[in-house]
Structure formats: structure tokens, C-alpha cells
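Asker: Contents of run_22.cif (mmCIF, C-alpha atoms) are given next:
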data_input
loop_
_atom_site.group_PDB
_atom_site.id
_atom_site.type_symbol
_atom_site.label_atom_id
_atom_site.label_comp_id
_atom_site.auth_asym_id
_atom_site.auth_seq_id
_atom_site.Cartn_x
_atom_site.Cartn_y
_atom_site.Cartn_z
ATOM 1 C CA MET L 1 -4.354 -47.481 -34.261
ATOM 2 C CA ASP L 2 -7.253 -45.025 -34.603
ATOM 3 C CA GLY L 3 -7.567 -44.811 -30.820
ATOM 4 C CA ASN L 4 -4.106 -43.236 -30.604
ATOM 5 C CA TYR L 5 -5.234 -40.273 -32.715
ATOM 6 C CA GLY L 6 -8.107 -39.751 -30.290
ATOM 7 C CA TYR L 7 -5.627 -39.337 -27.454
ATOM 8 C CA ILE L 8 -3.615 -36.850 -29.492
ATOM 9 C CA ALA L 9 -6.752 -34.819 -30.283
ATOM 10 C CA LEU L 10 -7.754 -34.946 -26.613
ATOM 11 C CA PHE L 11 -4.365 -33.620 -25.515
ATOM 12 C CA LEU L 12 -4.456 -30.860 -28.152
ATOM 13 C CA LEU L 13 -7.924 -29.744 -27.084
ATOM 14 C CA GLY L 14 -6.977 -29.970 -23.413
ATOM 15 C CA GLY L 15 -3.834 -27.897 -23.989
ATOM 16 C CA ALA L 16 -5.705 -25.262 -26.003
ATOM 17 C CA GLY L 17 -8.398 -25.122 -23.342
ATOM 18 C CA PHE L 18 -5.788 -24.745 -20.608
ATOM 19 C CA VAL L 19 -4.131 -21.827 -22.427
ATOM 20 C CA CYS L 20 -7.471 -20.103 -23.115
ATOM 21 C CA PHE L 21 -8.609 -20.563 -19.524
ATOM 22 C CA ASN L 22 -5.404 -19.109 -18.080
ATOM 23 C CA PHE L 23 -5.454 -16.183 -20.509
ATOM 24 C CA SER L 24 -9.067 -15.404 -19.613
ATOM 25 C CA LEU L 25 -8.369 -15.729 -15.890
ATOM 26 C CA ALA L 26 -5.324 -13.453 -16.094
ATOM 27 C CA SER L 27 -7.270 -10.837 -18.077
ATOM 28 C CA PHE L 28 -10.142 -10.931 -15.575
ATOM 29 C CA VAL L 29 -7.879 -10.612 -12.524
ATOM 30 C CA THR L 30 -5.888 -7.799 -14.124
ATOM 31 C CA ARG L 31 -9.048 -5.805 -14.855
ATOM 32 C CA LEU L 32 -10.293 -6.493 -11.346
ATOM 33 C CA VAL L 33 -7.251 -5.194 -9.456
ATOM 34 C CA GLN L 34 -5.866 -2.473 -11.726
ATOM 35 C CA SER L 35 -6.501 1.190 -11.009
ATOM 36 C CA HIS L 36 -7.284 3.351 -13.988
ATOM 37 C CA ARG L 37 -6.278 6.930 -13.253
ATOM 38 C CA PRO L 38 -4.574 8.333 -16.357
ATOM 39 C CA SER L 39 -2.495 11.472 -16.012
ATOM 40 C CA ARG L 40 0.005 13.437 -18.085
ATOM 41 C CA THR L 41 2.930 12.087 -16.055
ATOM 42 C CA LYS L 42 1.850 8.458 -16.531
ATOM 43 C CA GLY L 43 1.493 9.000 -20.262
ATOM 44 C CA MET L 44 5.050 10.265 -20.699
ATOM 45 C CA ALA L 45 7.767 8.019 -22.100
ATOM 46 C CA TYR L 46 10.147 6.636 -19.501
ATOM 47 C CA GLU L 47 13.856 7.367 -20.025
ATOM 48 C CA CYS L 48 15.811 6.181 -16.983
ATOM 49 C CA GLY L 49 14.086 8.579 -14.616
ATOM 50 C CA GLU L 50 15.003 11.644 -16.661
ATOM 51 C CA PRO L 51 12.436 13.851 -18.381
ATOM 52 C CA PRO L 52 12.121 12.846 -22.043
ATOM 53 C CA SER L 53 13.798 15.019 -24.632
ATOM 54 C CA GLY L 54 12.949 15.075 -28.321
ATOM 55 C CA GLU L 55 10.597 12.875 -30.289
ATOM 56 C CA ALA L 56 9.817 9.287 -29.416
ATOM 57 C CA TRP L 57 10.203 8.181 -33.045
ATOM 58 C CA VAL L 58 13.726 8.549 -34.375
ATOM 59 C CA GLN L 59 14.824 7.568 -37.865
ATOM 60 C CA TYR L 60 18.025 5.560 -37.872
ATOM 61 C CA ASN L 61 20.440 5.557 -40.748
ATOM 62 C CA VAL L 62 19.926 2.531 -42.994
ATOM 63 C CA ARG L 63 23.630 1.712 -42.704
ATOM 64 C CA TYR L 64 23.022 0.432 -39.171
ATOM 65 C CA TYR L 65 20.901 -2.305 -40.688
ATOM 66 C CA LEU L 66 23.527 -3.089 -43.327
ATOM 67 C CA TYR L 67 26.174 -3.509 -40.639
ATOM 68 C CA ALA L 68 23.800 -5.694 -38.651
ATOM 69 C CA MET L 69 23.138 -7.885 -41.693
ATOM 70 C CA LEU L 70 26.853 -8.251 -42.396
ATOM 71 C CA PHE L 71 27.463 -9.123 -38.750
ATOM 72 C CA VAL L 72 24.792 -11.813 -38.843
ATOM 73 C CA ILE L 73 26.223 -13.272 -42.054
ATOM 74 C CA PHE L 74 29.723 -13.565 -40.618
ATOM 75 C CA ASP L 75 28.424 -14.718 -37.251
ATOM 76 C CA VAL L 76 26.670 -17.595 -39.003
ATOM 77 C CA GLU L 77 29.938 -18.297 -40.806
ATOM 78 C CA ALA L 78 31.681 -18.675 -37.457
ATOM 79 C CA ALA L 79 28.879 -20.906 -36.190
ATOM 80 C CA TYR L 80 29.518 -23.262 -39.127
ATOM 81 C CA MET L 81 33.303 -23.065 -39.046
ATOM 82 C CA ILE L 82 33.952 -23.701 -35.346
ATOM 83 C CA PRO L 83 32.433 -27.227 -35.229
ATOM 84 C CA TRP L 84 34.031 -27.983 -38.608
ATOM 85 C CA ALA L 85 37.455 -26.953 -37.311
ATOM 86 C CA ALA L 86 36.977 -28.878 -34.065
ATOM 87 C CA GLU L 87 36.313 -32.107 -35.986
ATOM 88 C CA PHE L 88 38.769 -31.416 -38.816
ATOM 89 C CA ARG L 89 40.990 -34.489 -38.339
ATOM 90 C CA LYS L 90 38.071 -36.870 -37.972
ATOM 91 C CA LEU L 91 36.300 -35.435 -41.021
ATOM 92 C CA LEU L 92 39.492 -35.475 -43.058
ATOM 93 C CA ALA L 93 39.920 -39.181 -42.335
ATOM 94 C CA GLU L 94 36.285 -39.962 -43.230
ATOM 95 C CA LEU L 95 35.596 -37.640 -46.166
ATOM 96 C CA GLY L 96 39.029 -36.754 -47.449
ATOM 97 C CA THR L 97 39.438 -33.572 -49.434
ATOM 98 C CA LEU L 98 35.698 -33.299 -50.160
ATOM 99 C CA MET L 99 35.021 -31.504 -46.887
ATOM 100 C CA VAL L 100 37.911 -29.089 -47.490
ATOM 101 C CA VAL L 101 36.513 -28.285 -50.952
ATOM 102 C CA GLU L 102 33.023 -27.748 -49.517
ATOM 103 C CA MET L 103 34.287 -25.361 -46.809
ATOM 104 C CA THR L 104 36.409 -23.522 -49.369
ATOM 105 C CA GLY L 105 33.303 -23.062 -51.529
ATOM 106 C CA PHE L 106 31.324 -21.817 -48.531
ATOM 107 C CA LEU L 107 34.024 -19.295 -47.643
ATOM 108 C CA ALA L 108 34.333 -18.230 -51.287
ATOM 109 C CA ILE L 109 30.620 -17.410 -51.432
ATOM 110 C CA LEU L 110 30.899 -15.339 -48.238
ATOM 111 C CA LEU L 111 34.013 -13.593 -49.531
ATOM 112 C CA LEU L 112 32.195 -12.807 -52.761
ATOM 113 C CA ALA L 113 29.329 -11.277 -50.743
ATOM 114 C CA LEU L 114 31.800 -9.177 -48.754
ATOM 115 C CA VAL L 115 33.534 -7.936 -51.916
ATOM 116 C CA TYR L 116 30.138 -7.073 -53.425
ATOM 117 C CA ALA L 117 29.113 -5.090 -50.329
ATOM 118 C CA TRP L 118 32.481 -3.351 -50.281
ATOM 119 C CA ARG L 119 32.281 -2.330 -53.948
ATOM 120 C CA LYS L 120 28.713 -1.068 -53.521
ATOM 121 C CA GLY L 121 29.943 1.210 -50.725
ATOM 122 C CA ALA L 122 27.930 -0.461 -47.996
ATOM 123 C CA LEU L 123 30.913 -0.468 -45.658
ATOM 124 C CA GLU L 124 31.712 3.247 -45.984
ATOM 125 C CA TRP L 125 30.395 5.523 -43.279
ATOM 126 C CA THR L 126 29.993 9.049 -44.618
#
What's the C-alpha cells form of this structure?
Answerer:
Amino acid sequence: MDGNYGYIALFLLGGAGFVCFNFSLASFVTRLVQSHRPSRTKGMAYECGEPPSGEAWVQYNVRYYLYAMLFVIFDVEAAYMIPWAAEFRKLLAELGTLMVVEMTGFLAILLLALVYAWRKGALEWT
């Protein structure tokens, strides 16, 4: 049994060595063939072939992130509901009303979160 752990350690060390070797080789070859001639044009930000306008760092409104969070929450809801709905008859026969109660509770929690966000004004764009 102890011999099996030796094989695992050997494979881990071999894999780590392989990754380190390839990283070192790639770094060496890149430094060998690259040309280093910095200029003002090469240092400019690339914007689809057009000259850049404005600052590179732009502050976005925090509401973008709130909408993204709400989208992710309801996207996850759909990811849970679609398989549940596809197997509804089978689950109803096996679990009875328990699975309907569980999904109703899940949807109630998400609805409560939506009502909370709505009352806090997170969905208003002004």
C-alpha cells in the first residue's frame, strides 16, 4: 500500500518539473527572439486602430455591478429550475409534494431578495 503513494509523489514531482521546465524554456526562447525597441507609438493603448481618446482608467457607475449581480442571481435560478422542470413528473412520483415545497421556498427567497433590492432603489437608474 505504501508503494502506491510513492507513485503518486513521483507523478506529482514529474508534473511539477514538466511545468517548470516548459515555463523556463518558453521564457528563455521569448527573451532570445524578441526585439526590444520601445517607442511612443508602441506604448499607446490600442483601440481598434483608432487613436486613443481620453483616459485609460474610467470609473463605472456602481449600478452596473448591481445589475450584474442581480443577473447572476436570476441566471443561477434558471440553472436550478430548468432541470427541475424537466424532471418534474419523475420527481413528483418519487418525492411527492416535498420537492414542490422546496422549490417554492427557493423561489420565495429569491423573490424576497428582489423585493429588497427594489425597495432599496437598486433597480432605479437615475
Asker: Please report the interatomic distance between atom CA of Gly121 of chain L and atom CA of Asn61 of chain L in Å with one decimal.
Answerer: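 Computed distance, atom CA of Gly121 of chain L to atom CA of Asn61 of chain L, equals 14.4 Å.
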Asker: Name the residues in contact with Trp84 of chain L at a cut-off of 10 Å, using only C-alpha atoms, excluding same-chain residues fewer than 5 positions from it; report them as a list in words.
Answerer: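 My list of contacting residues is Ala78, Ala79, Arg89, Lys90, Leu91, Met99, Val100 and Met103 of chain L.
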Asker: Written as an MDAnalysis selection string, what is the full residue list that the PyMOL selection byres ((chain L and resi 125) around 12) yields on the file shown?
Answerer: chainID L and resid 61:64 66:67 118 121:124 126
Asker: Print the selection's residues with C-alpha atoms to a file, as a compact mmCIF listing (two decimals), keeping the file's coordinate frame.
Answerer:
# COMPACT_ATOMS: atom_id res chain seq x y z
CA ASN L 61 20.44 5.56 -40.75
CA VAL L 62 19.93 2.53 -42.99
CA ARG L 63 23.63 1.71 -42.70
CA TYR L 64 23.02 0.43 -39.17
CA LEU L 66 23.53 -3.09 -43.33
CA TYR L 67 26.17 -3.51 -40.64
CA TRP L 118 32.48 -3.35 -50.28
CA GLY L 121 29.94 1.21 -50.72
CA ALA L 122 27.93 -0.46 -48.00
CA LEU L 123 30.91 -0.47 -45.66
CA GLU L 124 31.71 3.25 -45.98
CA THR L 126 29.99 9.05 -44.62
Asker: Could you jot down the atom CA of Val101 of chain L to atom CA of Tyr80 of chain L separation for me, Å, one decimal place?
Answerer: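 Atom-to-atom, atom CA of Val101 of chain L to atom CA of Tyr80 of chain L, that is 14.6 Å.
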Asker: Box along x, y and z, 4 Å on every side, all listed atoms of segment 26-41 of chain L inside: centre and edge lengths in Å to one decimal, as AutoDock Vina command-line options.
Answerer:
--center_x -3.7 --center_y 0.0 --center_z -13.8 --size_x 21.2 --size_y 34.9 --size_z 16.6
Asker: Quick check, in Å to one decimal: how far apart do atom CA of Tyr60 of chain L and atom CA of Ile73 of chain L lie?
Answerer: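 Separation of atom CA of Tyr60 of chain L and atom CA of Ile73 of chain L: 21.0 Å.
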Asker: Find, counting all atoms listed in the file, the residue in L:Met69, L:Val33, L:Leu10, L:Met81 that gets nearest to Ala117 of chain L.
Answerer: L:Met69
Asker: Restricting the calculation to all atoms listed in the file, which member of L:Glu50, L:Glu77, L:Glu87, L:Glu55 is positioned closest to Thr104 of chain L?
Answerer: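 Closest to Thr104 of chain L of all the choices is L:Glu77.
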Asker: Quick one: of L:Val58, L:Leu70, L:Val76, L:Ala9, who's nearest to Leu114 of chain L, counting all atoms listed in the file?
Answerer: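 The closest residue to Leu114 of chain L is L:Leu70.
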Asker: Pull segment 63-109 of chain L out of the block and emit C-alpha atoms, as a PDB file, in the first residue's frame.
Answerer:
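What ended up in selection23.pdb:
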ATOM      1  CA  ARG L  63     -25.152  50.299 -10.570  1.00  0.00           C
ATOM      2  CA  TYR L  64     -23.583  48.304 -13.407  1.00  0.00           C
ATOM      3  CA  TYR L  65     -22.266  45.909 -10.796  1.00  0.00           C
ATOM      4  CA  LEU L  66     -25.635  45.731  -9.038  1.00  0.00           C
ATOM      5  CA  TYR L  67     -27.342  44.803 -12.299  1.00  0.00           C
ATOM      6  CA  ALA L  68     -24.653  42.217 -12.963  1.00  0.00           C
ATOM      7  CA  MET L  69     -25.147  40.695  -9.509  1.00  0.00           C
ATOM      8  CA  LEU L  70     -28.914  40.540  -9.976  1.00  0.00           C
ATOM      9  CA  PHE L  71     -28.431  38.940 -13.387  1.00  0.00           C
ATOM     10  CA  VAL L  72     -26.147  36.286 -11.929  1.00  0.00           C
ATOM     11  CA  ILE L  73     -28.617  35.549  -9.128  1.00  0.00           C
ATOM     12  CA  PHE L  74     -31.510  35.018 -11.525  1.00  0.00           C
ATOM     13  CA  ASP L  75     -29.327  33.170 -14.011  1.00  0.00           C
ATOM     14  CA  VAL L  76     -28.443  30.694 -11.272  1.00  0.00           C
ATOM     15  CA  GLU L  77     -32.154  30.432 -10.512  1.00  0.00           C
ATOM     16  CA  ALA L  78     -32.796  29.394 -14.105  1.00  0.00           C
ATOM     17  CA  ALA L  79     -29.929  26.905 -13.954  1.00  0.00           C
ATOM     18  CA  TYR L  80     -31.637  25.220 -10.982  1.00  0.00           C
ATOM     19  CA  MET L  81     -35.181  25.455 -12.308  1.00  0.00           C
ATOM     20  CA  ILE L  82     -34.699  24.074 -15.825  1.00  0.00           C
ATOM     21  CA  PRO L  83     -33.508  20.578 -14.771  1.00  0.00           C
ATOM     22  CA  TRP L  84     -36.131  20.565 -12.003  1.00  0.00           C
ATOM     23  CA  ALA L  85     -38.889  21.355 -14.501  1.00  0.00           C
ATOM     24  CA  ALA L  86     -37.585  18.791 -16.989  1.00  0.00           C
ATOM     25  CA  GLU L  87     -37.813  16.021 -14.375  1.00  0.00           C
ATOM     26  CA  PHE L  88     -40.961  17.323 -12.669  1.00  0.00           C
ATOM     27  CA  ARG L  89     -43.165  14.253 -13.233  1.00  0.00           C
ATOM     28  CA  LYS L  90     -40.478  11.802 -12.181  1.00  0.00           C
ATOM     29  CA  LEU L  91     -39.631  13.812  -9.061  1.00  0.00           C
ATOM     30  CA  LEU L  92     -43.290  14.245  -8.187  1.00  0.00           C
ATOM     31  CA  ALA L  93     -43.771  10.477  -8.283  1.00  0.00           C
ATOM     32  CA  GLU L  94     -40.669   9.843  -6.139  1.00  0.00           C
ATOM     33  CA  LEU L  95     -40.739  12.712  -3.640  1.00  0.00           C
ATOM     34  CA  GLY L  96     -44.318  13.899  -3.719  1.00  0.00           C
ATOM     35  CA  THR L  97     -45.063  17.429  -2.619  1.00  0.00           C
ATOM     36  CA  LEU L  98     -41.724  17.789  -0.800  1.00  0.00           C
ATOM     37  CA  MET L  99     -39.923  18.855  -3.964  1.00  0.00           C
ATOM     38  CA  VAL L 100     -42.652  21.387  -4.794  1.00  0.00           C
ATOM     39  CA  VAL L 101     -42.337  22.871  -1.289  1.00  0.00           C
ATOM     40  CA  GLU L 102     -38.543  23.044  -1.606  1.00  0.00           C
ATOM     41  CA  MET L 103     -38.707  24.836  -4.980  1.00  0.00           C
ATOM     42  CA  THR L 104     -41.363  27.199  -3.638  1.00  0.00           C
ATOM     43  CA  GLY L 105     -39.053  28.049  -0.728  1.00  0.00           C
ATOM     44  CA  PHE L 106     -36.148  28.614  -3.114  1.00  0.00           C
ATOM     45  CA  LEU L 107     -38.227  30.939  -5.287  1.00  0.00           C
ATOM     46  CA  ALA L 108     -39.564  32.741  -2.210  1.00  0.00           C
ATOM     47  CA  ILE L 109     -36.026  33.516  -1.043  1.00  0.00           C
TER      48      ILE L 109
END
